[in-house]
Amino acid sequence: MSSKSKAQKLSNIQLNGSMDVETAAKAIFRGCAHHLKVNFREFKEEGDPMALMQIRIGVRRMRVALHIFRSIIPKEIRTGFNREYRYFGDLLGEARNMDVFLNGVLRPDTETAAFQTVSRELLRLGEETRNREYDIIIHEVSGGHFERLAKSFDKWLESNWATRLGRTGRKLLASPIPPFALAAIEEGNIALLNRGADVRNLSAHELHDLRKYVKRSRYHLRFFSALFREEKIAEGFDLLVQMQDYLGLINDVKEGMIILGRLSAAIRSDHFADTLRFNAHVYEKASHHAAENLAAFMILWQRYEDFTLERGDLRPQS
């Protein structure tokens with residue numbers, strides 16, 4: 001593995017207000033596809049875990065783009081690509097949860113004298129589980145499945161979309177992108193606010209679902225950012241990124257407790273009593289962590305309820 005990661009984030013997508021929907025959509029999809037290809041190559045050649053993380057982000061972002069432009073993509077095409085990208089996203093998600101658990105829950109306590117033996121035993125079991133998951137990922141990502149998906153996507157991307165659409169779809173392809181972008185962002189924002197309307201009464205699992213809507217709204221701004229005033233996009237991004245992070249930390253706690261329970265059930269019987277005491281110790285720390293992050297999220301949520309993007313926030317066309 002290379003000492004320095006060459007994993008890449010998504011490059012800026014160059015849109016302008018004079019583009020039609022088809023041109024803008026293809027620019028967004030090309031950017032997303034290129035991001036996946038670069039990181040796939042880095043992972044396949046170097047085994048770079050950071051590239052794998054970028055692939056996970058990339059397939060999730062691609063699914064959001066497919067949703068945004070669903071009105072100009074035939075249903076069977078969108079459903080097929082969405083299913084494939086979701087498969088890889090789910091595959092990578094389990095390994096990511098295990099990585100967070102091993103590095104965030106277990107590792108800080110492996111040197112604590114009272115729990116050193118049991119925490120190291122749990123760490124060993126966890127690493128064995130993670131290694132098995134990574135073997136599956138490496139097989140799937142490097143075995144040709146991902147490359148076939150990329151080639152199939154490129155073929156569709158370069159095809160004549162209009163031939164697969166009716167009159168309404170063809171008319172939308174040729175319409176200007178700014179009104180489309182405003183509508184897409186507003187639709188995502190309404191869905192997010194509705195999802196979190198009763199946020200204080202949501203379960204930890206429902207908060208994770210809310211986080212998906214936060215990410216979706218964040219990607220909307222990411223895709224169309226070049227069309228809007230920089231300071232307005234920065235305001236929305238600042239809120240959404242922090243909200244996503246706080247909800248992510250709460251979900252990491254939730255997933256960590258699930259993994260801890262699973263590993264604890266597999267530990268040797270002579271370590272079981274100590275494992276229960278260790279669990280109590282971890283749960284106590286986790287309770288404070290969850291409460292702090294939820295309180296911080298609620299402050300941002302109240303601010304985001306007042307955030308809007310309007311026609312007046314579009315950049316002037318040159």
# chains A, B, ... in the order shown; residues from 1 in each chain; ligands from 1

call {"tool": "residues_around", "arguments": {"residues": "Glu128 of chain A", "least_positions_apart": "3", "cutoff": "12 Å", "atoms": "only C-alpha atoms", "output": "count of residues only"}}
result
15

call {"tool": "residues_around", "arguments": {"residues": "Ala184 of chain A", "least_positions_apart": "4", "cutoff": "9 Å", "atoms": "only C-alpha atoms", "output": "ChimeraX atom specification"}}
result
/A:68-69,179-180,188-189,220

call {"tool": "write_last_selection", "arguments": {"atoms": "N, CA and C atoms", "output": "PDB file, in the first residue's frame"}}
result
ATOM      1  N   ILE A  68     -32.473  12.774  -8.391  1.00  0.00           N
ATOM      2  CA  ILE A  68     -32.736  14.150  -8.801  1.00  0.00           C
ATOM      3  C   ILE A  68     -33.240  14.214 -10.241  1.00  0.00           C
ATOM      4  N   PHE A  69     -32.587  13.445 -11.115  1.00  0.00           N
ATOM      5  CA  PHE A  69     -32.899  13.509 -12.543  1.00  0.00           C
ATOM      6  C   PHE A  69     -33.827  12.371 -12.992  1.00  0.00           C
ATOM      7  N   PRO A 179     -34.117  26.858 -13.027  1.00  0.00           N
ATOM      8  CA  PRO A 179     -35.390  26.518 -12.373  1.00  0.00           C
ATOM      9  C   PRO A 179     -35.436  25.057 -11.912  1.00  0.00           C
ATOM     10  N   PHE A 180     -34.838  24.174 -12.695  1.00  0.00           N
ATOM     11  CA  PHE A 180     -34.791  22.753 -12.316  1.00  0.00           C
ATOM     12  C   PHE A 180     -34.018  22.587 -11.016  1.00  0.00           C
ATOM     13  N   GLY A 188     -35.936  18.527  -1.998  1.00  0.00           N
ATOM     14  CA  GLY A 188     -35.121  17.847  -0.999  1.00  0.00           C
ATOM     15  C   GLY A 188     -35.231  18.486   0.367  1.00  0.00           C
ATOM     16  N   ASN A 189     -35.311  19.808   0.392  1.00  0.00           N
ATOM     17  CA  ASN A 189     -35.394  20.529   1.653  1.00  0.00           C
ATOM     18  C   ASN A 189     -36.722  20.256   2.353  1.00  0.00           C
ATOM     19  N   HIS A 220     -27.417  17.905  -3.054  1.00  0.00           N
ATOM     20  CA  HIS A 220     -28.120  18.835  -3.944  1.00  0.00           C
ATOM     21  C   HIS A 220     -27.340  20.142  -4.072  1.00  0.00           C
TER      22      HIS A 220
END

call {"tool": "select_by_dssp", "arguments": {"residues": "segment 17-113 of chain A", "states": "alpha helix (DSSP H)", "output": "PyMOL selection string"}}
result
chain A and resi 21-46+49-68+75-101

call {"tool": "closest_residue", "arguments": {"among": "A:Val118, A:Ala183, A:Leu239, A:Ile190", "to": "Leu260 of chain A", "atoms": "only C-alpha atoms"}}
result
A:Val118

call {"tool": "residues_around", "arguments": {"residues": "Asn97 of chain A", "least_positions_apart": "5", "cutoff": "9 Å", "atoms": "only C-alpha atoms", "output": "list in words"}}
result
Leu92, Leu102, Asp252, Glu255, Gly256 and Ile259 of chain A

call {"tool": "write_last_selection", "arguments": {"atoms": "N, CA and C atoms", "output": "short mmCIF file (atom, residue, chain, number, x, y, z; two decimals), in the first residue's frame"}}
result
data_model
loop_
_atom_site.label_atom_id
_atom_site.label_comp_id
_atom_site.auth_asym_id
_atom_site.auth_seq_id
_atom_site.Cartn_x
_atom_site.Cartn_y
_atom_site.Cartn_z
N LEU A 92 -20.03 -1.84 1.50
CA LEU A 92 -18.97 -1.04 2.13
C LEU A 92 -19.38 -0.49 3.48
N LEU A 102 -13.94 -0.31 16.03
CA LEU A 102 -12.64 -0.77 16.52
C LEU A 102 -11.75 0.40 16.92
N ASP A 252 -22.97 6.22 15.02
CA ASP A 252 -21.79 5.42 15.34
C ASP A 252 -21.92 4.80 16.73
N GLU A 255 -24.56 1.93 16.35
CA GLU A 255 -23.99 0.77 15.68
C GLU A 255 -22.91 0.11 16.54
N GLY A 256 -22.15 0.94 17.26
CA GLY A 256 -21.11 0.42 18.13
C GLY A 256 -21.68 -0.48 19.23
N ILE A 259 -22.62 -3.82 17.62
CA ILE A 259 -21.43 -4.64 17.37
C ILE A 259 -20.84 -5.16 18.68
#

call {"tool": "residues_around", "arguments": {"residues": "Gln242 of chain A", "least_positions_apart": "5", "cutoff": "12 Å", "atoms": "only C-alpha atoms", "output": "list in words"}}
result
Arg211, Val214, Lys215, Arg218, Glu235, Gly236, Phe237, Leu247, Gly248, Leu249, Asn293, Leu294, Ala296, Phe297, Met298, Ile299, Leu300, Trp301, Arg303 and Tyr304 of chain A

call {"tool": "residues_around", "arguments": {"residues": "segment 140-145 of chain A", "least_positions_apart": "5", "cutoff": "10 Å", "atoms": "only C-alpha atoms", "output": "list in words"}}
result
Phe40, Arg41, Phe43, Lys44, Glu45, Gly47, Leu52, Ile55, Glu84, Phe88, Leu91, Leu92, Tyr134, Asp135 and Ala150 of chain A

call {"tool": "closest_residue", "arguments": {"among": "A:Ala27, A:Leu157, A:Ile57, A:Ile233", "to": "Asp313 of chain A", "atoms": "only C-alpha atoms"}}
result
A:Ile233

call {"tool": "residues_around", "arguments": {"residues": "segment 198-205 of chain A", "least_positions_apart": "5", "cutoff": "8 Å", "atoms": "only C-alpha atoms", "output": "PDB file with N, CA and C atoms, in the first residue's frame"}}
result
ATOM      1  N   ILE A 250     -23.945  10.061  16.480  1.00  0.00           N
ATOM      2  CA  ILE A 250     -24.986   9.341  17.234  1.00  0.00           C
ATOM      3  C   ILE A 250     -25.185   7.952  16.647  1.00  0.00           C
ATOM      4  N   ASN A 251     -25.197   7.857  15.317  1.00  0.00           N
ATOM      5  CA  ASN A 251     -25.364   6.550  14.686  1.00  0.00           C
ATOM      6  C   ASN A 251     -24.169   5.641  14.959  1.00  0.00           C
ATOM      7  N   LYS A 254     -24.795   4.099  18.223  1.00  0.00           N
ATOM      8  CA  LYS A 254     -25.823   3.057  18.111  1.00  0.00           C
ATOM      9  C   LYS A 254     -25.261   1.786  17.483  1.00  0.00           C
TER      10      LYS A 254
END
